[in-house]
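Participant: Just so it is clear, I am handing over final28.txt, which has compact mmCIF, C-alpha atoms.
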# COMPACT_ATOMS: atom_id res chain seq x y z
CA MET A 1 7.22 15.83 17.28
CA ALA A 2 5.62 13.81 14.45
CA ASP A 3 6.29 14.67 10.84
CA ARG A 4 2.64 15.41 9.98
CA GLN A 5 3.33 16.26 6.35
CA ARG A 6 4.80 12.83 5.72
CA GLY A 7 2.35 11.01 7.97
CA VAL A 8 5.00 9.01 9.83
CA PRO A 9 5.73 9.71 13.50
CA ASP A 10 9.33 10.50 14.40
CA ASP A 11 9.68 7.36 16.54
CA TRP A 12 9.09 5.05 13.55
CA THR A 13 12.35 3.66 12.15
CA PRO A 14 12.50 3.03 8.39
CA HIS A 15 13.50 -0.47 7.33
CA HIS A 16 15.15 -0.94 3.92
CA ARG A 17 16.10 -3.87 1.70
CA ASP A 18 19.75 -4.40 0.85
CA ASP A 19 19.24 -2.33 -2.33
CA GLY A 20 18.01 0.62 -0.27
CA GLU A 21 14.31 0.32 -1.13
CA ARG A 22 12.12 1.06 1.90
CA LEU A 23 9.98 -1.90 2.98
CA GLY A 24 8.22 -0.08 5.81
CA TRP A 25 8.85 1.03 9.36
CA ILE A 26 9.33 -0.47 12.78
CA ARG A 27 7.66 1.38 15.62
CA PRO A 28 7.84 1.01 19.38
CA ASP A 29 5.10 -1.13 20.90
CA GLY A 30 5.56 -1.08 24.68
CA ASP A 31 8.61 -3.25 25.35
CA ALA A 32 8.35 -4.75 21.85
CA TRP A 33 8.10 -3.58 18.22
CA THR A 34 5.47 -3.44 15.46
CA ALA A 35 6.26 -3.69 11.74
CA ILE A 36 4.31 -1.40 9.38
CA ASP A 37 4.45 -1.85 5.58
CA VAL A 38 4.71 0.97 3.03
CA LEU A 39 0.89 1.16 2.79
CA GLY A 40 0.69 1.78 6.54
CA ARG A 41 -0.64 -1.70 7.36
CA GLU A 42 0.45 -3.58 10.46
CA VAL A 43 2.51 -6.62 9.43
CA ALA A 44 3.55 -7.96 12.84
CA ALA A 45 2.73 -6.63 16.30
CA SER A 46 4.43 -6.89 19.68
CA VAL A 47 7.45 -8.79 18.40
CA GLU A 48 11.21 -8.64 18.84
CA TRP A 49 13.11 -6.23 16.58
CA LEU A 50 14.57 -8.98 14.36
CA ASP A 51 11.12 -10.54 13.96
CA ALA A 52 9.74 -7.18 12.85
CA GLU A 53 12.53 -6.88 10.27
CA GLU A 54 11.86 -10.41 9.06
CA ALA A 55 8.12 -9.74 8.75
CA LEU A 56 8.78 -6.72 6.53
CA GLU A 57 11.27 -8.64 4.42
CA GLN A 58 8.80 -11.50 4.00
CA ARG A 59 6.02 -9.09 3.00
CA GLY A 60 8.32 -7.43 0.49
CA LEU A 61 6.99 -5.05 -2.15
CA ALA A 62 5.51 -7.39 -4.78
CA PHE A 63 1.98 -6.50 -3.66
CA LEU A 64 2.56 -2.99 -5.05
CA ALA A 65 2.60 -4.41 -8.62
CA GLU A 66 -0.65 -6.35 -8.19
CA PRO A 67 -4.06 -5.05 -9.22
CA TRP A 68 -6.22 -3.45 -6.52
CA MET A 69 -9.90 -2.61 -6.34
CA LEU A 70 -11.17 0.88 -5.62
CA GLU A 71 -14.64 0.95 -4.10
CA ARG A 72 -16.74 3.83 -5.39
CA ASP A 73 -19.94 5.06 -3.72
CA ASP A 74 -21.87 5.72 -6.91
CA ARG A 75 -20.77 2.66 -8.93
CA GLY A 76 -19.28 -0.74 -8.31
CA PRO A 77 -15.60 -1.31 -7.66
CA VAL A 78 -13.06 -0.58 -10.39
CA ARG A 79 -9.74 -2.32 -10.97
CA VAL A 80 -6.78 0.02 -10.39
CA ARG A 81 -3.00 0.00 -10.23
CA LEU A 82 -0.84 1.77 -7.69
CA VAL A 83 1.11 4.64 -9.25
CA GLU A 84 2.65 6.29 -6.18
CA VAL A 85 2.86 5.30 -2.53
CA THR A 86 4.30 7.72 0.01
CA PRO A 87 3.49 8.53 3.63
CA ALA A 88 1.77 11.65 2.27
CA ARG A 89 -0.58 9.93 -0.20
CA ILE A 90 -1.43 6.95 -2.36
CA VAL A 91 -2.09 7.55 -6.06
CA VAL A 92 -3.87 4.98 -8.21
CA LYS A 93 -5.03 4.87 -11.84
CA VAL A 94 -7.73 2.82 -13.50
CA ASP A 95 -6.03 -0.31 -14.85
CA ASP A 96 -5.22 0.22 -18.52
CA TYR A 97 -3.89 -3.32 -19.05
CA GLY A 98 -0.65 -1.97 -20.48
CA ASP A 99 -2.21 0.33 -23.09
CA MET A 100 0.37 3.11 -23.10
CA SER A 101 -1.75 5.24 -25.46
CA ARG A 102 -4.65 5.40 -23.02
CA PRO A 103 -4.58 8.62 -20.98
CA HIS A 104 -4.94 8.21 -17.25
CA GLU A 105 -5.88 10.47 -14.44
CA GLY A 106 -4.38 9.77 -11.05
CA ILE A 107 -6.80 9.29 -8.18
CA VAL A 108 -5.26 10.62 -4.97
CA LEU A 109 -6.10 8.76 -1.75
CA PRO A 110 -4.92 9.32 1.80
CA TRP A 111 -2.17 7.32 3.49
CA PRO A 112 -2.33 4.92 5.29
CA LEU A 113 -4.28 2.54 3.06
CA PRO A 114 -7.92 3.67 3.07
CA ALA A 115 -10.75 1.13 3.34
CA GLN A 116 -12.01 1.86 -0.18
CA LEU A 117 -8.75 0.49 -1.68
CA ARG A 118 -8.47 -3.27 -1.31
CA PRO A 119 -7.10 -6.40 -2.97
CA PRO A 120 -9.41 -8.06 -5.52
CA ARG A 121 -11.93 -10.64 -4.35
CA GLU A 122 -13.70 -13.36 -6.25
CA GLY A 123 -16.61 -11.87 -8.17
CA ASP A 124 -14.97 -8.47 -8.68
CA PRO A 125 -15.04 -7.10 -12.22
CA ASP A 126 -11.88 -8.05 -14.07
CA GLY A 127 -11.86 -5.36 -16.73
CA TYR A 128 -12.24 -7.84 -19.55
CA THR A 129 -15.94 -8.45 -19.10
CA LEU A 130 -18.83 -6.06 -18.65
CA THR A 131 -20.36 -7.97 -15.75
CA ARG A 132 -19.56 -10.96 -13.60
The structure given in the file should be rewritten as structure tokens.
Facilitator:
Amino acid sequence: MADRQRGVPDDWTPHHRDDGERLGWIRPDGDAWTAIDVLGREVAASVEWLDAEEALEQRGLAFLAEPWMLERDDRGPVRVRLVEVTPARIVVKVDDYGDMSRPHEGIVLPWPLPAQLRPPREGDPDGYTLTR
């Protein structure tokens, strides 16, 4: 039975770095394996177990510290930072550029990574200018 609250099926095996930090999961894929990162994205499909581990280790976690763009229906995209990533939810905040005095409200999104949350593209607002 799948763990619905956490969003990860029981047959997914967590894969961790040497320091214990979870990099993602490896799930059965027929006679092979598929690597899934912590955002729920497929990293490598239909590969051998060791190749799935290697794919997760190569992906790493650095992307979690990068800026992301949140698409909004009523306005253009806004630059955000990931605050929390679990199999239950993803929480982001509008990028405050390190201003610790600026209050922030977490925006809760579903897991796995929803389409409205994406890496920045050329032409996206950068937060330093009013328009691009």
Participant: Which of these residues is nearest to Glu71 of chain A, using only C-alpha atoms: A:Thr13, A:Asp96, A:Gly20, A:Pro114?
Facilitator: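 Ranking A:Thr13, A:Asp96, A:Gly20, A:Pro114 by distance to Glu71 of chain A, first place goes to A:Pro114.
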Participant: Can you measure atom CA of Asp99 of chain A to atom CA of Leu113 of chain A for me? One decimal in Å is fine.
Facilitator: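 So the answer is 26.3 Å.
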Participant: What separation in Å, quoted to one decimal, exists between atom CA of Arg81 of chain A and atom CA of Asp19 of chain A?
Facilitator: 23.7 Å
Participant: From the list A:Val94, A:Met69, A:Met100, A:Val8, which residue is nearest Gly40 of chain A when using all atoms listed in the file?
Facilitator: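 The answer is A:Val8, which sits nearest to Gly40 of chain A.
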Participant: Just the number, please: distance in Å from atom CA of Glu54 of chain A to atom CA of Pro112 of chain A, one decimal.
Facilitator: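 Rounded to one decimal, the two atoms are 21.2 Å apart.
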Participant: With all atoms listed in the file as the atoms that count, which of A:Pro103, A:Pro87, A:Pro14, A:Gly24 lies nearest to Gln58 of chain A?
Facilitator: A:Gly24
Participant: Looking at A:Asp74, A:Leu64, A:Asp11, A:Ile26, which one is nearest to Leu39 of chain A, with distances taken over all atoms listed in the file?
Facilitator: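 That would be A:Leu64, the residue with the smallest distance to Leu39 of chain A.
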Participant: If we count all atoms listed in the file and set the cut-off at 9 Å, which residues sit around Ala55 of chain A, ignoring sequence neighbours fewer than 6 positions away in its own chain? Please answer as a ChimeraX atom specification.
Facilitator: /A:35,43-44
Participant: Skipping near chain neighbours, those fewer than 2 positions away, what residues fall within 12 Å of segment 116-120 of chain A using only C-alpha atoms, listed as number ranges by chain?
Facilitator: A: 39, 41, 63-73, 76-82, 90-93, 107-114, 122-127
Participant: Can I get the selected residues back with C-alpha atoms, as a short mmCIF file (atom, residue, chain, number, x, y, z; two decimals), in the coordinates of the input?
Facilitator:
data_model
loop_
_atom_site.label_atom_id
_atom_site.label_comp_id
_atom_site.auth_asym_id
_atom_site.auth_seq_id
_atom_site.Cartn_x
_atom_site.Cartn_y
_atom_site.Cartn_z
CA LEU A 39 0.89 1.16 2.79
CA ARG A 41 -0.64 -1.70 7.36
CA PHE A 63 1.98 -6.50 -3.66
CA LEU A 64 2.56 -2.99 -5.05
CA ALA A 65 2.60 -4.41 -8.62
CA GLU A 66 -0.65 -6.35 -8.19
CA PRO A 67 -4.06 -5.05 -9.22
CA TRP A 68 -6.22 -3.45 -6.52
CA MET A 69 -9.90 -2.61 -6.34
CA LEU A 70 -11.17 0.88 -5.62
CA GLU A 71 -14.64 0.95 -4.10
CA ARG A 72 -16.74 3.83 -5.39
CA ASP A 73 -19.94 5.06 -3.72
CA GLY A 76 -19.28 -0.74 -8.31
CA PRO A 77 -15.60 -1.31 -7.66
CA VAL A 78 -13.06 -0.58 -10.39
CA ARG A 79 -9.74 -2.32 -10.97
CA VAL A 80 -6.78 0.02 -10.39
CA ARG A 81 -3.00 0.00 -10.23
CA LEU A 82 -0.84 1.77 -7.69
CA ILE A 90 -1.43 6.95 -2.36
CA VAL A 91 -2.09 7.55 -6.06
CA VAL A 92 -3.87 4.98 -8.21
CA LYS A 93 -5.03 4.87 -11.84
CA ILE A 107 -6.80 9.29 -8.18
CA VAL A 108 -5.26 10.62 -4.97
CA LEU A 109 -6.10 8.76 -1.75
CA PRO A 110 -4.92 9.32 1.80
CA TRP A 111 -2.17 7.32 3.49
CA PRO A 112 -2.33 4.92 5.29
CA LEU A 113 -4.28 2.54 3.06
CA PRO A 114 -7.92 3.67 3.07
CA GLU A 122 -13.70 -13.36 -6.25
CA GLY A 123 -16.61 -11.87 -8.17
CA ASP A 124 -14.97 -8.47 -8.68
CA PRO A 125 -15.04 -7.10 -12.22
CA ASP A 126 -11.88 -8.05 -14.07
CA GLY A 127 -11.86 -5.36 -16.73
#
Participant: Which is closest to Ala52 of chain A among A:His104, A:Arg27, A:Glu21, A:Arg75, if we use all atoms listed in the file?
Facilitator: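 Distance minimum relative to Ala52 of chain A lands on A:Arg27.
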Participant: The centre and edge lengths of an axis-aligned box containing all atoms of segment 63-78 of chain A present in the file, extended by 4 Å on each side, are to be given in Å to one decimal, as AutoDock Vina command-line options.
Facilitator:
--center_x -9.6 --center_y -0.4 --center_z -7.0 --size_x 32.5 --size_y 20.2 --size_z 14.7
